[in-house]
Every structure is written in structure tokens, then in C-alpha cells.
Amino acid sequence: MQHWDVIIAGGGSAGLAAALTSARAGARTLLIERQTKLGGMGVNALVHTFCGLFHPDTSQPWRWLNTGVAQEVGELMMERTGQSSPDLMGRVYVLRQHPSLFASIADELCAAQPLLTRLSGAEWTHLQAENSGWVATVCSRGNSEQHQARAVIDTTGDATGARFLGTEYWQQAPAERLYRPAYVCGLPQVAGTHDEGWRLSLGAMIVCGIRSGALPETAIGAAFRDSPFSGEMFMTIDLEAGQALWDPFDAHKRAEMESAGRHTALSLWTYLRVQHEDFKHCPPPSWPAQAGIRETACYIGDHILTSDELASCQRFENEVALAGWPMEKRETAKGPKFRFFDRPEPAGIPPGCLMNQRLPGLYFAGRCLSADHEALASLRVMGTCMATGQAAALLALAAKIA
């Protein structure tokens with residue numbers, strides 16, 4: 001049995017922020033990550049924009065929404081990609097980020113914290129309350145260890161801790177409503193200038209390819225966005241993944257979805273190299289370590305944040321973070337449906353979204369925090385995940401001191 005002050009499960013955006021906040025405050029911190037790189041979907045699934053970092057009022061010059069780790073990571077990414085400002089895309093500000101640089105930034109920030117220990121390629125397989133804390137069983141390549149801490153923070157995105165503890169602590173939307181997964185790949189050496197007109201003409205070309213049988217139907221969910229670096233693009237393919245039969249916890253269905261993503265991406269690459277001059281010299285796509293999963297399960301906390309609370313820009317006296325990204329609903333592979341807030345103002349996130357009083361010492365943040373299905377469409381983005389990860393760590397530290 002190894003003992004820590006704080007254990008964090010999941011090294012994505014929320015887990016990274018929680019781990020840095022905890023260790024910097026003087027707590028002996030263990031960070032468990034099942035992949036081999038930190039950064040979550042922003043690294044392993046090649047999600048290439050930081051959303052939710054900025055104030056939602058785009059009639060004003062851009063400004064950071066949440067201070068702390070979210071702003072720190074955003075500033076480092078801007079510096080290393082040579083960007084002086086985010087991009088204005090319609091009614092939102094977004095920051096283009098590069099997955100390789102995000103992984104590097106995460107490594108550097110964590111390595112600077114002597115009280116932070118990272119486990120790579122490891123996953124917790126059990127969680128139980130014991131005495132005045134929690135015991136997590138962690139497995140890596142056949143080795144099993146037990147780790148004990150007074151506080152545990154679940155940032156796995158899957159509400160894994162709640163699923164260990166019982167159905168009364170978590171919820172999940174029906175399969176047909178779950179936000180569709182995405183398969184993202186990198187495309188180097190793409191020529192040309194890629195404005196909105198370019199994207200529209202490319203979309204028309206893809207539709208023609210589908211109608212002629214040269215492309216699979218799944219290619220209809222493809223979108224293209226420039227990397228921060230010249231000549232590189234990212235291609236994102238939203239997948240139906242079986243629609244009402246989709247189960248993100250089913251390993252077989254995940255394998256089918258990943259295979260469909262690779263097949264679609266390779267078909268598009270082959271087609272565009274012949275049909276579009278800008279792709280003529282593009283080498284084969286670079287694959288992600290995993291597909292991008294937008295939704296699985298959420299905790300049931302002391303407060304379930306609702307879409308109406310977000311839309312009305314509800315603020316809370318004891319709020320611990322702010323949300324400013326619109327509700328980006330992707331219940332089909334045909335593109336997002338946005339529900340914007342009623343005013344260009346942020347909404348508050350209360351501490352009850354990150355804790356359940358029946359589970360003292362257990363906190364949750366990121367994509368699996370306590371919210372309804374529609375609200376999650378706003379809260380799941382990386383900027384907001386960093387803010388809630390930091391907030392969960394501060395709540396855990398405050399409880400430890402008390």
C-alpha cells in the first residue's frame with residue numbers, strides 16, 4: 001500500500017490541471033494515466049483546438065475566462081505556435097493547438113513538480129472507501145498495486161469511480177443521444193489557402209464522391225481545419241458509430257468505430273490526392289492513438305448543472321469555475337447544433353457539480369462532472385475541463401486542511 005495526499009485518475013486536460021494545482025499546493029500527488037502521454041483527447045485523439053478558454057463576448061477584444069492552469073497552458077501554446085491571439089470563428093474564440101506540443105507542455109509542467117508522481121500506461125481497476133480515505137487498485141502490464149489517499153479526483157471522462165461504486169452515483173444518456181465520436185487524423189503537406197470558400201468547395205467535392213460511390217457514406221462527416229503550422233491540416237470525421245447501438249464502454253463497438261474511422265480517412269486521402277490539387281503531395285494520414293469520445297457517463301453530484309442554467313448565464317455565490325462555450329450538440333454525424341447562451345456572458349459552475357456529499361473525499365471534474373446531457377455539450381471542452389480540474393483540486397485541498 002502506497003500513501004498519498006491526493007490521487008488523480010486520468011491525465012487529460014482536467015487531470016493535468018488537478019495534478020498541477022495539488023502538487024503546487026504542497027500535496028503528495030499521484031496522477032494515473034492509461035495512455036502513454038498526458039493531454040487526453042487533445043493529445044491522443046488529435047483534438048486540435050482549445051475551446052472554452054475565452055470570454056464568450058466576441059464583440060469585445062478576447063480575454064481569458066478562467067485564470068490559473070487554463071490560462072497558463074493557453075499562453076504557453078500561443079507562445080510555442082507563434083500565435084498572438086485566438087481565432088474568431090463565427091460567435092466564438094478558439095485557440096489552435098498542436099497535440100505534440102500539448103504533450104510536451106504537460107510533460108514539462110509536471111516534471112517541474114517534485115511532489116507529483118505520474119504512472120504511465122496504468123489504469124485503476126477498483127475503488128473503495130476505507131477508514132478516512134480511499135483505496136485505488138491500479139493495474140499496469142499485469143502488475144497490480146494499491147494506493148491510498150484521503151482525497152481522490154476522477155478525471156477519467158468516463159465516471160469510472162462512480163461506476164465502481166454503484167448505479168446511484170452516475171448517469172448516462174440513451175445511446176441514440178450520446179454525442180457522436182470523432183476520428184481525427186493529421187494531413188501534412190496540404191497546399192493552398194483554406195478559407196470558408198475553400199471548405200465549401202471541398203465539401204461539395206466530397207458529396208460528389210459519395211454519390212458516385214468513390215467515397216463511403218461516412219465521409220459526409222468530414223471537416224478540415226488548419227494546424228498552427230503552415231502546410232499541415234487536421235481532418236475530423238464524425239461517425240454515427242451504430243447510432244442507437246453505440247456503446248462507448250463496449251470494446252468491440254469501439255474497435256468497429258476506430259476501424260471505420262481509419263477506413264473513411266484513408267478513402268478520403270486517396271480520393272482527394274487525385275481530385276484536389278492541394279492534396280496532390282500529401283503523404284498518408286497520421287493516425288491518432290484513439291478516437292475522440294465526446295460523451296460516456298457523468299457523476300450525479302450535489303448539483304446537476306442544467307442546460308437552462310447555462311443558457312440563462314446563471315451565476316452562483318460559491319461558484320468555482322466559469323463556462324463560456326456554447327452547447328455544441330453532436331447527436332448525429334451531420335455536424336453540430338449550437339445552443340448559445342442568452343447573453344454573451346459566462347455561466348457559473350458550483351462546487352456541487354464536482355462532489356457528492358455521500359462520497360466524502362471523492363471529487364470529479366472534466367467531461368464526467370455532474371451535468372445534464374445538453375449542458376455537457378458546453379462543459380466537455382478542454383478549456384472548461386482545465387478550469388474544473390483545478391477547482392476540484394482546490395476543493396480537495398480545502399477539505400484536507402479542514
# chains A, B, ... in the order shown; residues from 1 in each chain; ligands from 1
$ select_by_dssp --residues "region 66-302 of chain A" --states "strand (DSSP E or B)" --output "count of residues only"
64
$ closest_atom_pairs --of "region 64-181 of chain A" --to "region 293-299 of chain A" --cutoff "12 Å" --atoms "only C-alpha atoms" --output "JSON lines"
{"residue": "A:Ile153", "atom": "CA", "partner": "A:Tyr299", "partner_atom": "CA", "distance": 11.9}
{"residue": "A:Asp154", "atom": "CA", "partner": "A:Tyr299", "partner_atom": "CA", "distance": 9.6}
{"residue": "A:Thr155", "atom": "CA", "partner": "A:Cys298", "partner_atom": "CA", "distance": 10.6}
{"residue": "A:Thr156", "atom": "CA", "partner": "A:Ala297", "partner_atom": "CA", "distance": 10.1}
{"residue": "A:Gly157", "atom": "CA", "partner": "A:Thr296", "partner_atom": "CA", "distance": 7.3}
{"residue": "A:Asp158", "atom": "CA", "partner": "A:Ala297", "partner_atom": "CA", "distance": 5.2}
{"residue": "A:Ala159", "atom": "CA", "partner": "A:Cys298", "partner_atom": "CA", "distance": 5.5}
{"residue": "A:Thr160", "atom": "CA", "partner": "A:Ala297", "partner_atom": "CA", "distance": 8.3}
{"residue": "A:Gly161", "atom": "CA", "partner": "A:Tyr299", "partner_atom": "CA", "distance": 8.9}
{"residue": "A:Ala162", "atom": "CA", "partner": "A:Tyr299", "partner_atom": "CA", "distance": 6.4}
{"residue": "A:Arg163", "atom": "CA", "partner": "A:Ala297", "partner_atom": "CA", "distance": 8.8}
{"residue": "A:Phe164", "atom": "CA", "partner": "A:Tyr299", "partner_atom": "CA", "distance": 11.6}
{"residue": "A:Leu165", "atom": "CA", "partner": "A:Tyr299", "partner_atom": "CA", "distance": 11.0}
{"residue": "A:Gly166", "atom": "CA", "partner": "A:Tyr299", "partner_atom": "CA", "distance": 10.7}
{"residue": "A:Thr167", "atom": "CA", "partner": "A:Tyr299", "partner_atom": "CA", "distance": 9.8}
{"residue": "A:Glu168", "atom": "CA", "partner": "A:Tyr299", "partner_atom": "CA", "distance": 9.2}
{"residue": "A:Tyr169", "atom": "CA", "partner": "A:Tyr299", "partner_atom": "CA", "distance": 5.8}
{"residue": "A:Trp170", "atom": "CA", "partner": "A:Tyr299", "partner_atom": "CA", "distance": 4.3}
{"residue": "A:Gln171", "atom": "CA", "partner": "A:Cys298", "partner_atom": "CA", "distance": 5.5}
{"residue": "A:Gln172", "atom": "CA", "partner": "A:Ala297", "partner_atom": "CA", "distance": 4.7}
{"residue": "A:Ala173", "atom": "CA", "partner": "A:Ala297", "partner_atom": "CA", "distance": 7.6}
{"residue": "A:Pro174", "atom": "CA", "partner": "A:Thr296", "partner_atom": "CA", "distance": 10.1}
{"residue": "A:Ala175", "atom": "CA", "partner": "A:Thr296", "partner_atom": "CA", "distance": 9.4}
{"residue": "A:Glu176", "atom": "CA", "partner": "A:Glu295", "partner_atom": "CA", "distance": 11.8}
{"residue": "A:Arg177", "atom": "CA", "partner": "A:Glu295", "partner_atom": "CA", "distance": 9.8}
{"residue": "A:Leu178", "atom": "CA", "partner": "A:Glu295", "partner_atom": "CA", "distance": 6.2}
{"residue": "A:Tyr179", "atom": "CA", "partner": "A:Glu295", "partner_atom": "CA", "distance": 5.7}
{"residue": "A:Arg180", "atom": "CA", "partner": "A:Arg294", "partner_atom": "CA", "distance": 6.7}
{"residue": "A:Pro181", "atom": "CA", "partner": "A:Ile293", "partner_atom": "CA", "distance": 4.8}
$ residues_around --residues "region 237-240 of chain A" --least-positions-apart "6" --cutoff "8 Å" --atoms "only C-alpha atoms" --output "ChimeraX atom specification"
/A:180-184,218-219,221-223,257,261,264-265,332-335
$ select_by_dssp --residues "region 220-352 of chain A" --states "alpha helix (DSSP H)" --output "PyMOL selection string"
chain A and resi 251-275+307-311
$ closest_residue --among "A:Arg150, A:Arg315, A:His98, A:Arg24" --to "Val69 (chain A)" --atoms "only C-alpha atoms"
A:Arg24
$ residues_around --residues "Ile210 (chain A)" --least-positions-apart "6" --cutoff "8 Å" --atoms "only C-alpha atoms" --output "list in words"
Pro216, Glu217, Ala219 and Ile220 of chain A
$ closest_residue --among "A:Val190, A:Leu376, A:Val92, A:Leu31" --to "Glu123 (chain A)" --atoms "only C-alpha atoms"
A:Leu31
$ residues_around --residues "Val6 (chain A)" --least-positions-apart "5" --cutoff "7 Å" --atoms "only C-alpha atoms" --output "number ranges by chain"
A: 27-30, 149-152
$ residues_around --residues "region 342-350 of chain A" --least-positions-apart "5" --cutoff "9 Å" --atoms "only C-alpha atoms" --output "ChimeraX atom specification"
/A:55-59,65,303,305,309-325,388
$ residues_around --residues "Gln113 (chain A)" --least-positions-apart "3" --cutoff "8 Å" --atoms "only C-alpha atoms" --output "ChimeraX atom specification"
/A:20,23-24,109-110,116
